Every structure is written in structure tokens, then in C-alpha cells.
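What's in coords25.cif: mmCIF, C-alpha atoms
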```cif
data_run
loop_
_atom_site.label_atom_id
_atom_site.label_comp_id
_atom_site.auth_asym_id
_atom_site.auth_seq_id
_atom_site.Cartn_x
_atom_site.Cartn_y
_atom_site.Cartn_z
CA MET A 1 58.44 -6.34 222.06
CA SER A 2 55.25 -4.61 221.28
CA ARG A 3 54.70 -2.98 217.98
CA PRO A 4 55.59 0.69 217.86
CA VAL A 5 52.70 2.97 217.38
CA ARG A 6 53.04 5.42 214.56
CA PHE A 7 51.04 8.53 214.08
CA ASN A 8 50.43 10.10 210.73
CA ILE A 9 51.20 13.60 211.72
CA ASN A 10 51.17 14.95 208.17
CA PRO A 11 48.03 13.49 206.61
CA ILE A 12 47.38 14.32 202.96
CA PRO A 13 43.83 15.59 202.65
CA ALA A 14 41.77 13.40 200.31
CA ASP A 15 40.98 15.04 197.01
CA THR A 16 37.37 14.01 196.44
CA ARG A 17 36.50 16.63 193.88
CA GLU A 18 37.39 14.40 190.95
CA ALA A 19 36.69 11.06 192.59
CA VAL A 20 33.03 11.57 193.37
CA SER A 21 30.83 11.63 190.32
CA SER A 22 27.33 12.96 190.31
CA VAL A 23 24.66 13.13 187.67
CA GLU A 24 24.06 16.32 185.81
CA ALA A 25 21.10 18.40 186.79
CA PRO A 26 18.20 18.40 184.34
CA ASP A 27 17.37 21.43 182.24
CA GLY A 28 15.59 24.15 184.13
CA TYR A 29 15.61 27.73 185.31
CA SER A 30 17.87 28.64 188.12
CA GLY A 31 18.34 31.86 189.91
CA GLU A 32 19.47 33.02 193.26
CA GLY A 33 18.21 30.46 195.76
CA PHE A 34 15.88 28.59 193.43
CA PHE A 35 15.89 26.02 190.66
CA ALA A 36 12.78 25.20 188.68
CA THR A 37 12.37 22.18 186.44
CA GLN A 38 9.83 19.57 185.45
CA LEU A 39 8.82 17.13 188.16
CA SER A 40 9.03 14.23 185.74
CA SER A 41 12.70 14.90 184.97
CA VAL A 42 13.58 14.95 188.66
CA VAL A 43 11.62 11.76 189.26
CA GLY A 44 13.18 10.17 186.18
CA LEU A 45 16.64 11.19 187.38
CA ALA A 46 16.03 9.56 190.74
CA ARG A 47 14.51 6.41 189.28
CA LYS A 48 17.06 5.77 186.60
CA ASN A 49 20.03 6.03 188.91
CA SER A 50 18.57 3.71 191.48
CA MET A 51 17.13 0.76 189.61
CA TRP A 52 16.30 -2.37 191.57
CA PRO A 53 16.73 -5.29 189.25
CA LEU A 54 14.96 -8.59 189.78
CA PRO A 55 16.99 -11.30 188.03
CA PHE A 56 14.91 -14.08 186.53
CA ALA A 57 17.79 -16.25 185.39
CA THR A 58 17.06 -19.68 183.98
CA SER A 59 20.15 -20.56 181.96
CA CYS A 60 23.48 -19.43 180.52
CA CYS A 61 22.46 -15.78 180.13
CA GLY A 62 22.09 -15.83 183.90
CA ILE A 63 25.77 -16.77 184.17
CA GLU A 64 26.64 -13.72 182.07
CA PHE A 65 24.48 -11.64 184.38
CA MET A 66 26.45 -12.95 187.36
CA ALA A 67 29.59 -11.66 185.64
CA THR A 68 27.81 -8.38 185.00
CA MET A 69 26.98 -8.05 188.67
CA ALA A 70 30.48 -8.97 189.82
CA SER A 71 33.40 -6.61 190.33
CA HIS A 72 34.84 -6.73 186.82
CA TYR A 73 31.85 -5.33 184.92
CA ASP A 74 30.13 -3.98 188.03
CA LEU A 75 26.50 -3.15 187.43
CA ALA A 76 26.69 -1.15 190.67
CA ARG A 77 28.28 1.69 188.70
CA PHE A 78 24.83 2.29 187.23
CA GLY A 79 23.10 2.48 190.57
CA ALA A 80 21.81 -1.07 190.50
CA GLU A 81 23.90 -2.84 193.08
CA ARG A 82 20.86 -3.87 195.08
CA VAL A 83 19.50 -6.96 193.35
CA GLY A 84 16.19 -7.71 194.93
CA PHE A 85 14.69 -11.17 194.96
CA SER A 86 11.22 -10.01 195.85
CA PRO A 87 9.12 -8.76 192.95
CA ARG A 88 7.30 -6.43 195.34
CA GLN A 89 10.43 -4.34 195.84
CA CYS A 90 11.89 -4.34 192.34
CA ASP A 91 11.18 -2.22 189.33
CA LEU A 92 13.25 -3.91 186.61
CA LEU A 93 12.52 -7.51 185.66
CA MET A 94 15.56 -8.98 183.93
CA VAL A 95 14.59 -12.19 182.15
CA MET A 96 17.70 -14.13 181.25
CA GLY A 97 17.41 -17.52 179.64
CA THR A 98 15.05 -19.96 178.03
CA ILE A 99 11.49 -19.74 179.29
CA ALA A 100 9.68 -23.02 178.81
CA LYS A 101 5.95 -22.88 178.21
CA LYS A 102 5.44 -24.41 181.62
CA MET A 103 7.48 -21.59 183.16
CA GLY A 104 5.39 -18.96 181.36
CA PRO A 105 2.66 -18.60 184.00
CA VAL A 106 5.33 -18.32 186.72
CA LEU A 107 7.08 -15.47 184.89
CA ARG A 108 3.75 -13.77 184.33
CA GLN A 109 2.91 -14.06 188.00
CA VAL A 110 6.25 -12.51 188.95
CA TYR A 111 5.54 -9.63 186.56
CA LEU A 112 2.07 -9.13 188.00
CA GLN A 113 3.46 -9.03 191.52
CA MET A 114 5.75 -6.12 190.67
CA ALA A 115 4.42 -2.69 191.48
CA GLU A 116 4.21 0.09 188.91
CA PRO A 117 6.33 1.56 187.50
CA ARG A 118 8.00 -1.59 186.22
CA TRP A 119 10.27 -2.30 183.29
CA VAL A 120 11.24 -5.54 181.60
CA ILE A 121 14.45 -6.41 179.81
CA ALA A 122 14.74 -9.62 177.79
CA VAL A 123 18.36 -10.73 177.82
CA GLY A 124 19.53 -13.16 175.18
CA ALA A 125 18.07 -14.86 172.15
CA CYS A 126 15.90 -17.29 174.10
CA ALA A 127 14.09 -14.72 176.19
CA SER A 128 13.71 -12.46 173.15
CA SER A 129 12.53 -14.96 170.56
CA GLY A 130 12.89 -18.53 171.76
CA GLY A 131 16.34 -18.64 170.21
CA ILE A 132 17.54 -21.98 168.93
CA PHE A 133 14.79 -23.72 170.86
CA ASP A 134 12.15 -23.53 168.17
CA SER A 135 10.34 -26.39 169.81
CA TYR A 136 6.97 -27.44 171.16
CA SER A 137 8.01 -26.89 174.76
CA VAL A 138 9.63 -23.45 174.66
CA LEU A 139 7.95 -20.07 174.73
CA GLN A 140 8.90 -18.23 171.54
CA GLY A 141 9.86 -14.99 173.26
CA ILE A 142 8.60 -13.65 176.57
CA ASP A 143 6.78 -10.85 174.76
CA GLN A 144 4.05 -13.40 174.14
CA ILE A 145 3.05 -13.14 177.79
CA ILE A 146 4.43 -9.85 179.18
CA PRO A 147 5.39 -6.51 177.60
CA VAL A 148 9.12 -6.02 177.09
CA ASP A 149 10.96 -2.68 177.05
CA VAL A 150 14.44 -3.63 175.87
CA TYR A 151 15.77 -6.72 174.07
CA VAL A 152 19.43 -7.68 174.35
CA PRO A 153 20.56 -9.93 171.48
CA GLY A 154 23.26 -12.56 171.85
CA CYS A 155 23.58 -16.20 172.74
CA PRO A 156 24.54 -15.46 175.43
CA PRO A 157 25.20 -11.72 175.25
CA ARG A 158 28.45 -10.50 176.72
CA PRO A 159 28.28 -8.49 179.95
CA GLU A 160 28.94 -5.34 177.92
CA ALA A 161 25.79 -6.05 175.93
CA ILE A 162 23.78 -6.51 179.11
CA LEU A 163 25.20 -3.22 180.40
CA ASP A 164 24.23 -1.58 177.11
CA GLY A 165 20.71 -2.92 177.47
CA PHE A 166 20.64 -1.65 181.02
CA MET A 167 21.70 1.81 179.88
CA LYS A 168 18.93 1.74 177.28
CA ILE A 169 16.51 0.99 180.11
CA GLN A 170 17.98 3.91 182.06
CA GLU A 171 17.34 6.15 179.04
CA LEU A 172 13.72 5.03 178.94
CA VAL A 173 13.28 5.45 182.67
CA GLY A 174 14.85 8.90 182.71
CA GLN A 175 12.65 10.21 179.91
CA GLU A 176 9.41 8.64 181.01
CA SER A 177 6.59 10.98 181.83
CA ILE A 178 5.18 10.39 185.28
CA ARG A 179 1.71 10.17 183.74
CA ARG A 180 2.60 7.46 181.25
CA ARG A 181 1.38 4.62 183.44
CA ASN A 182 -2.06 6.22 183.66
CA SER A 183 -2.34 6.79 179.94
CA GLU A 184 -4.93 5.14 177.75
CA GLN A 185 -2.20 3.79 175.47
CA TYR A 186 -0.46 2.02 178.35
CA LYS A 187 -3.72 0.51 179.54
CA GLN A 188 -4.35 -0.77 176.04
CA LEU A 189 -0.89 -2.33 175.98
CA LEU A 190 -1.55 -4.17 179.23
CA ASN A 191 -5.01 -5.18 178.09
CA SER A 192 -3.54 -6.70 174.96
CA TYR A 193 -1.67 -9.04 177.31
CA GLY A 194 -4.83 -9.70 179.29
CA ILE A 195 -3.51 -7.85 182.34
CA GLU A 196 -6.11 -5.94 184.39
CA MET B 1 26.41 -69.82 188.11
CA ALA B 2 26.80 -66.37 186.65
CA LEU B 3 23.76 -64.95 184.99
CA ASP B 4 24.06 -64.53 181.22
CA ASN B 5 21.85 -63.85 178.23
CA ALA B 6 21.58 -67.50 177.20
CA TYR B 7 20.33 -68.47 180.65
CA ILE B 8 17.71 -65.70 180.67
CA GLN B 9 16.58 -66.79 177.21
CA GLN B 10 16.30 -70.40 178.32
CA GLN B 11 14.40 -69.49 181.50
CA LEU B 12 11.94 -67.29 179.62
CA THR B 13 11.21 -69.84 176.89
CA SER B 14 10.77 -72.67 179.39
CA ARG B 15 8.30 -70.57 181.36
CA PHE B 16 6.33 -68.95 178.53
CA GLY B 17 6.85 -71.27 175.56
CA GLU B 18 8.91 -71.45 172.43
CA ASP B 19 7.07 -68.98 170.19
CA PHE B 20 6.30 -66.43 172.85
CA PHE B 21 9.38 -64.23 172.47
CA ILE B 22 11.41 -62.85 169.64
CA PHE B 23 14.95 -62.49 170.95
CA SER B 24 17.69 -60.31 169.59
CA GLU B 25 20.95 -59.06 170.95
CA SER B 26 22.63 -55.74 170.31
CA TYR B 27 25.89 -54.65 171.91
CA GLY B 28 25.66 -57.57 174.32
CA MET B 29 22.24 -56.57 175.64
CA LEU B 30 19.42 -59.06 175.26
CA THR B 31 16.12 -57.79 173.85
CA ALA B 32 12.89 -59.75 174.16
CA GLU B 33 9.82 -58.76 172.16
CA PHE B 34 6.45 -60.19 173.03
CA ALA B 35 2.72 -59.52 173.06
CA LYS B 36 1.62 -56.48 175.05
CA GLU B 37 -1.08 -58.33 177.02
CA SER B 38 1.54 -60.35 178.91
CA ASN B 39 3.80 -57.51 179.97
CA LEU B 40 2.95 -57.79 183.65
CA LYS B 41 3.33 -61.58 183.70
CA VAL B 42 6.78 -61.36 182.15
CA LEU B 43 7.89 -58.52 184.44
CA GLN B 44 6.56 -60.37 187.48
CA PHE B 45 8.34 -63.58 186.48
CA LEU B 46 11.63 -61.75 185.94
CA TYR B 47 11.16 -60.06 189.30
CA ASP B 48 10.20 -63.14 191.32
CA GLU B 49 12.40 -65.87 189.84
CA PRO B 50 15.38 -65.96 192.27
CA SER B 51 17.95 -66.84 189.62
CA LEU B 52 16.87 -63.84 187.48
CA SER B 53 15.65 -61.22 190.00
CA PHE B 54 15.43 -58.22 187.71
CA ARG B 55 14.26 -55.90 190.43
CA PHE B 56 15.26 -52.50 189.13
CA LEU B 57 13.41 -50.71 186.35
CA THR B 58 16.06 -48.44 184.85
CA ASP B 59 13.97 -46.92 182.14
CA LEU B 60 10.60 -47.06 180.53
CA CYS B 61 9.92 -45.26 177.29
CA ALA B 62 8.04 -45.45 174.02
CA VAL B 63 9.04 -45.37 170.35
CA HIS B 64 6.81 -44.27 167.51
CA ASN B 65 7.25 -46.11 164.20
CA PRO B 66 4.56 -44.78 161.87
CA ASP B 67 5.52 -47.30 159.17
CA LEU B 68 4.83 -50.42 161.23
CA GLU B 69 1.17 -51.09 160.52
CA GLY B 70 -0.67 -52.06 163.71
CA LYS B 71 2.54 -51.82 165.76
CA GLU B 72 3.03 -48.08 165.58
CA LEU B 73 3.88 -47.58 169.22
CA SER B 74 6.31 -49.71 171.13
CA VAL B 75 6.90 -49.51 174.86
CA VAL B 76 10.40 -50.41 176.00
CA TYR B 77 11.37 -51.56 179.50
CA HIS B 78 14.97 -51.57 180.63
CA LEU B 79 15.52 -53.90 183.56
CA HIS B 80 18.61 -54.28 185.68
CA ASN B 81 19.74 -57.12 187.90
CA LEU B 82 21.75 -55.19 190.47
CA SER B 83 23.50 -58.16 192.11
CA GLU B 84 24.70 -59.64 188.82
CA ASN B 85 24.98 -56.26 187.07
CA LEU B 86 23.16 -57.46 183.99
CA ARG B 87 20.68 -55.51 181.90
CA LEU B 88 17.72 -56.66 179.85
CA ARG B 89 15.45 -54.91 177.39
CA LEU B 90 11.79 -55.81 176.92
CA LYS B 91 9.75 -54.51 174.02
CA ILE B 92 6.01 -54.62 173.44
CA TYR B 93 4.06 -53.20 170.51
CA THR B 94 0.65 -51.61 170.39
CA SER B 95 -1.41 -50.02 167.64
CA ILE B 96 -1.87 -46.27 167.72
CA GLN B 97 -5.66 -46.61 167.57
CA ASP B 98 -5.72 -48.64 170.77
CA PRO B 99 -2.67 -47.53 172.80
CA HIS B 100 -3.64 -49.35 175.99
CA VAL B 101 -0.92 -51.09 177.99
CA PHE B 102 -1.10 -52.44 181.54
CA THR B 103 0.69 -50.32 184.10
CA ALA B 104 3.81 -51.58 185.86
CA THR B 105 3.33 -49.28 188.86
CA ARG B 106 2.22 -52.13 191.14
CA LEU B 107 5.55 -53.84 190.58
CA PHE B 108 7.93 -50.87 190.24
CA SER B 109 7.19 -47.56 191.94
CA SER B 110 9.63 -45.90 189.57
CA ALA B 111 7.26 -46.69 186.72
CA ASN B 112 4.83 -44.08 188.01
CA TRP B 113 6.49 -40.97 186.63
CA MET B 114 8.06 -42.76 183.67
CA GLU B 115 4.64 -43.95 182.54
CA ARG B 116 3.27 -40.45 183.00
CA GLU B 117 6.09 -39.13 180.84
CA THR B 118 5.46 -41.79 178.20
CA TYR B 119 1.78 -40.86 178.22
CA ASP B 120 2.70 -37.19 178.03
CA PHE B 121 4.84 -37.54 174.93
CA TYR B 122 3.40 -40.53 173.07
CA GLY B 123 -0.14 -40.95 174.36
CA VAL B 124 0.32 -44.49 175.56
CA ILE B 125 -2.51 -45.12 178.02
CA PHE B 126 -1.37 -47.22 180.95
CA THR B 127 -4.41 -49.06 182.23
CA GLY B 128 -4.57 -49.02 186.02
CA HIS B 129 -2.10 -46.18 186.54
CA PRO B 130 -3.00 -44.28 189.74
CA ASN B 131 -2.45 -40.79 188.33
CA LEU B 132 -2.07 -40.77 184.57
CA LYS B 133 -1.71 -37.10 183.65
CA ARG B 134 0.93 -34.95 182.00
CA VAL B 135 4.13 -34.54 183.96
CA LEU B 136 6.54 -32.45 181.85
CA ASN B 137 4.44 -30.53 179.34
CA VAL B 138 1.88 -27.85 180.05
CA ASP B 139 -1.50 -29.22 181.11
CA GLU B 140 -3.30 -27.42 178.30
CA MET B 141 -1.37 -29.29 175.61
CA ASP B 142 -3.82 -31.19 173.43
CA TYR B 143 -1.49 -33.46 171.48
CA PHE B 144 1.42 -35.82 172.03
CA PRO B 145 4.48 -33.94 170.80
CA LEU B 146 6.90 -36.79 170.16
CA ARG B 147 4.59 -38.61 167.76
CA LYS B 148 6.09 -38.30 164.31
CA GLU B 149 3.11 -36.59 162.67
CA TYR B 150 3.73 -33.45 164.73
CA PRO B 151 6.51 -31.15 163.55
CA LEU B 152 9.27 -30.47 166.03
CA GLU B 153 9.18 -26.72 165.51
CA ASP B 154 6.73 -24.52 167.31
CA GLN B 155 3.91 -23.74 164.89
CA THR B 156 2.92 -20.54 166.64
CA ARG B 157 6.05 -18.76 165.45
CA ILE B 158 5.35 -16.50 162.51
CA ASP B 159 8.59 -14.58 162.16
CA LYS B 160 10.59 -17.41 160.63
CA ASP B 161 11.19 -16.92 156.95
CA ASP B 162 11.33 -20.29 155.21
CA GLU B 163 13.76 -18.98 152.60
CA MET B 164 16.35 -18.37 155.28
CA PHE B 165 16.24 -22.05 156.14
CA GLY B 166 16.57 -23.39 152.61
CA ARG B 167 12.98 -24.53 152.22
CA GLY B 168 11.38 -21.55 150.48
#
```

Structure encoded using C-alpha cells:
Amino acid sequence: MSRPVRFNINPIPADTREAVSSVEAPDGYSGEGFFATQLSSVVGLARKNSMWPLPFATSCCGIEFMATMASHYDLARFGAERVGFSPRQCDLLMVMGTIAKKMGPVLRQVYLQMAEPRWVIAVGACASSGGIFDSYSVLQGIDQIIPVDVYVPGCPPRPEAILDGFMKIQELVGQESIRRRNSEQYKQLLNSYGIE
Amino acid sequence: MALDNAYIQQQLTSRFGEDFFIFSESYGMLTAEFAKESNLKVLQFLYDEPSLSFRFLTDLCAVHNPDLEGKELSVVYHLHNLSENLRLRLKIYTSIQDPHVFTATRLFSSANWMERETYDFYGVIFTGHPNLKRVLNVDEMDYFPLRKEYPLEDQTRIDKDDEMFGRG
């Protein structure tokens, strides 16, 4: 006997008012039919809620990042569900794990391939300072070769800590002036790393 | 006849002479020490002799003993007879001023990278090696990190406070 077909003749309309969250509008002047605000705050709002992370995972911190990306901790809540594996498309380099001196030029190359604006987060003790590997073969912190925006301590840090670091990055991104990357100070920073 | 340490010892002394080797045994594994100039002859003999046929080079490494005058560096070969499942250790010594040792790459292809690694970390120069350059460390490195005179810790690090580590 075939399965009886049932029709939902009294559907309950979905209440999406509370379920859909949206970011708050930046400060500005609004009136009838217009809203005026700074361009940089609109751009920052768009950028910070749609980060494209590039994971550079070399060891156990990378495992914690996998947990961070997965359903339980869910980095997608912060608008970063699209993990890109091409530096050309990404704007957040997440360095997770020990970087050996031989890996240094590779990491630097990946950073150079990213387009501006780009941010870097060093996750874990090794990426931040070399960690326990105070040794002839290990780079003592990635900030020796590329500029870093946020450091996440821990060995390895818990996913909550990575999320916290990510939110710190979002803060930076949201408040960044759109002219910062053209500033003299920023050029000096890059020049101090021998970039450009 | 099953291959054992006594037989290897007897074969080696009858081929190379009584005073050629210094034998010792630790945990059932025979160790033969001899002059570094003959390393290829000994390896070749152990390879070719049908009753020995040590045809697998498990490991090749170096040891730095700064206290042994004139024998600071030793190169250690671990050989394996796969059909009899017996292992053998060979040890040669060289001074750190003249760290030249003949390469075993003609006999064992596996020696290629292992000799490069040994060069990389200890600076043993394998004469006749086809491509003796660093394999694990960065090419710009200008010292041999596993020699005892070099500290293990990275000397470029300036943020470490000695007092925190009990050596202030």
C-alpha cells in the first residue's frame, strides 16, 4: 500500500524576527530616506563580518583550529566559514604551529602573495615566540619575518582562545581607517621587514 | 649454520687480522671499531661475503666526543642481515680537524641522504659523495649545530631572562 500523502493545511508561519541576527549600524546621521556615516566604518563593517581566513597549520594548534572550524565552536558564526587555501583570495593569515627556520621563507612568500588589506594572527606559543622549541632549527616567533596583528597564547590554545583572538582581529578590522595601508607608518612597518 | 656474533668476529679477524678491530658487545649487538681509512673495505667485505651478507644499511650517524683527543668525531654504521635478522654496528673515529671519511654511497644508496644529514649536523666530510650539501637545516647555516661547542638554545632570542631559568 502506498504511503498516504499528508498536507500541512495549517502551517505555522516561521518567526524569523528573533532568529536572524544582524550587525548594528555604525554611528551616523539618519533622516527621512537617508543615512550618512563614514565610509571607513561601512567598509570596516563589511570586512570584519566576512573574513576569509587562510590557515597555515603546521602542528597541534592546527588541530585546535580544526575544532574551532567545526560545528561545536563554529567559526562560521563570525562570518568566516569560507576558509580559503589560496593566499590571493584571503585576508587573514592564521599561523598555527611551530615554524622551522626552513619554513620561514615559505611563510613569508605566502604572506607576500596575499593582497592588501591583510591581517596576521599568530596562534599558540610556537608561532608567537618559538615556544618550548628554543632551538637552532626553530624560528623564535613569526614576527621575525612578517608583521603580526594578534597573538593568541596557549600551548595549544583552546578553541575559545582562538575565537577570542579572532574577535580581536575583527575589532582591528572594523576600526581600521581605509587609508591606513597607504600611510607612511605602515610603509615603515613593512620596510622594517624588508617588504617592498 | 645460523649466523651469530662469534662467527662474524671470527670472519672479520681472519680477513683483516688480529689487531684490526676492537670488538665489544652491548645488549647482544656486536660493535666493531676500526681505522677510518678501511671503512669501505670492511663494508664491502661484509656485503660480499655470502655467509655474512650485510646488505642493508639501517642507519648512519655521527657522535661528537669533545674529550677524546684526536677521535672527536665517530661515524657509526648500523648494518642488518635481512635473511638472518642479525644486526651489526661499525664505528670509526676521526679527528675534528680532519673530518674526512670515505663515502658509502657507491655501496648503499641509502647512505646518500644519511651522509648528507651527518654532514649537516656534525660536519663530517664524506669524500666522494655525489651531492654533499645540507639536507635538513637552512642552507645559510654556517655551523654544525649538533657539535657540543654550540649551545642548543637559539642565540638570537633576546627576551629570555636568565633569572627565570635559574642561571641568573

Inset, instruction - Compare A:Ser192, A:Thr98, A:Thr58, A:Gln89 by their minimum atom-to-atom distance to Gln144 in chain A, counting only C-alpha atoms, and give me the closest one. - result: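 Comparing A:Ser192, A:Thr98, A:Thr58, A:Gln89 against Gln144 in chain A, the winner is A:Ser192.
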
Legend entry - Residue nearest chain A among B:Gly28, B:Pro66, B:Gly166, B:Pro151 (counting all atoms listed in the file):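 Closest candidate: B:Pro151.
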
Inset, instruction - Could you check which of A:Ile142, A:Asn191, A:Ser128, A:Lys101 is closest to chain B, using only C-alpha atoms? - result: A:Lys101

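Here CA of Ile12 in chain A is placed at a distance of 28.2 Å from CA of Ser71 in chain A.
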
Inset, instruction - Record the distance separating CA of Glu176 in chain A and CA of Trp52 in chain A, expressed in Å with one decimal. - result: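 Distance between the two atoms: 16.7 Å.
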
Closest atom pairs, chain A residues within 8 Å of chain B, all atoms listed in the file, as a Markdown table:
```
| residue | atom | partner | partner_atom | distance |
| --- | --- | --- | --- | --- |
| A:Lys101 | CA | B:Val138 | CA | 6.7 |
| A:Lys102 | CA | B:Val138 | CA | 5.2 |
| A:Asp134 | CA | B:Glu153 | CA | 5.1 |
| A:Ser135 | CA | B:Glu153 | CA | 4.5 |
| A:Tyr136 | CA | B:Asp154 | CA | 4.8 |
| A:Ser137 | CA | B:Asn137 | CA | 6.9 |
| A:Val138 | CA | B:Asp154 | CA | 8.0 |
| A:Gln140 | CA | B:Arg157 | CA | 6.7 |
```

Inset, instruction - Would you mind reading off the distance between CA of Lys36 in chain B and CA of Leu79 in chain B, one decimal, in Å? - result: 16.5 Å

Inset, instruction - Please evaluate the PyMOL selection byres ((chain A and resi 87) around 6) against the structure above and give the resulting residues as a list in words. - result: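 Selected by the PyMOL selection byres ((chain A and resi 87) around 6) in this file: Ser86, Arg88, Gln89, Cys90, Gln113 and Met114 of chain A.
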
Please provide the set of residues having any atom within 8 Å of Pro159 in chain A, restricted to all atoms listed in the file, with same-chain residues fewer than 6 positions apart removed, written as a PDB file with C-alpha atoms, in the coordinates of the input.
```pdb
ATOM      1  CA  GLU A  64      26.640 -13.720 182.070  1.00  0.00           C
ATOM      2  CA  PHE A  65      24.480 -11.640 184.380  1.00  0.00           C
ATOM      3  CA  ALA A  67      29.590 -11.660 185.640  1.00  0.00           C
ATOM      4  CA  THR A  68      27.810  -8.380 185.000  1.00  0.00           C
ATOM      5  CA  TYR A  73      31.850  -5.330 184.920  1.00  0.00           C
TER       6      TYR A  73
END
```

Inset, instruction - For the point (-3.7, -39.0, 184.6) in the file's frame, write as an MDAnalysis selection string all residues with an atom no more than 12 Å away, counting all atoms listed in the file. - result: chainID B and resid 112:113 115:120 123:135 139

For the file shown, report as a short mmCIF file (atom, residue, chain, number, x, y, z; two decimals) with C-alpha atoms, in the coordinates of the input the outcome of the PyMOL selection byres ((chain A and resi 27-42) around 9) at residue level.
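See selection-v4.cif below for the written result:
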```cif
data_model
loop_
_atom_site.label_atom_id
_atom_site.label_comp_id
_atom_site.auth_asym_id
_atom_site.auth_seq_id
_atom_site.Cartn_x
_atom_site.Cartn_y
_atom_site.Cartn_z
CA ALA A 25 21.10 18.40 186.79
CA PRO A 26 18.20 18.40 184.34
CA VAL A 43 11.62 11.76 189.26
CA GLY A 44 13.18 10.17 186.18
CA LEU A 45 16.64 11.19 187.38
CA ALA A 46 16.03 9.56 190.74
CA ARG A 47 14.51 6.41 189.28
CA GLY A 174 14.85 8.90 182.71
CA GLN A 175 12.65 10.21 179.91
CA GLU A 176 9.41 8.64 181.01
CA SER A 177 6.59 10.98 181.83
CA ILE A 178 5.18 10.39 185.28
CA ARG A 179 1.71 10.17 183.74
#
```

Inset, instruction - Run the PyMOL selection byres ((chain B and resi 12-19) around 12) mentally over the shown coordinates, then write out the matched residues as a PyMOL selection string, using the chain letters and numbers from the document. - result: chain B and resi 5-11+20-23+30-35+38-39+41-46+49+51-52+90

Legend entry - Closest of A:Leu54, A:Ala115, A:Ile145, A:Ile162 to Ile99 in chain A - atom-to-atom distances counting only C-alpha atoms: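 Smallest distance to Ile99 in chain A is found for A:Ile145.
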
Taking 3 positions as the minimum chain separation for residues in the same chain, which residues sit within 9 Å of Tyr77 in chain B when counting only C-alpha atoms? Answer as a PDB file with C-alpha atoms, keeping the file's coordinate frame.
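Produced file out10.pdb, reproduced below:
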```pdb
ATOM      1  CA  LEU B  57      13.410 -50.710 186.350  1.00  0.00           C
ATOM      2  CA  THR B  58      16.060 -48.440 184.850  1.00  0.00           C
ATOM      3  CA  ASP B  59      13.970 -46.920 182.140  1.00  0.00           C
ATOM      4  CA  LEU B  60      10.600 -47.060 180.530  1.00  0.00           C
ATOM      5  CA  CYS B  61       9.920 -45.260 177.290  1.00  0.00           C
ATOM      6  CA  ALA B  62       8.040 -45.450 174.020  1.00  0.00           C
ATOM      7  CA  LEU B  88      17.720 -56.660 179.850  1.00  0.00           C
ATOM      8  CA  ARG B  89      15.450 -54.910 177.390  1.00  0.00           C
ATOM      9  CA  LEU B  90      11.790 -55.810 176.920  1.00  0.00           C
ATOM     10  CA  LYS B  91       9.750 -54.510 174.020  1.00  0.00           C
ATOM     11  CA  ILE B  92       6.010 -54.620 173.440  1.00  0.00           C
TER      12      ILE B  92
END
```

Could you pull the residues within 9 Å of Arg147 in chain B, counting only C-alpha atoms, minus those fewer than 5 positions along the same chain, as a short mmCIF file (atom, residue, chain, number, x, y, z; two decimals) with C-alpha atoms, keeping the file's coordinate frame?
```cif
data_model
loop_
_atom_site.label_atom_id
_atom_site.label_comp_id
_atom_site.auth_asym_id
_atom_site.auth_seq_id
_atom_site.Cartn_x
_atom_site.Cartn_y
_atom_site.Cartn_z
CA VAL B 63 9.04 -45.37 170.35
CA HIS B 64 6.81 -44.27 167.51
CA ASN B 65 7.25 -46.11 164.20
CA PRO B 66 4.56 -44.78 161.87
CA PHE B 121 4.84 -37.54 174.93
CA TYR B 122 3.40 -40.53 173.07
CA GLY B 123 -0.14 -40.95 174.36
#
```

Legend entry - Within 10 Å of Met167 in chain A using all atoms listed in the file, minus same-chain residues under 6 positions, as a ChimeraX atom specification: /A:48,78,150,161,173
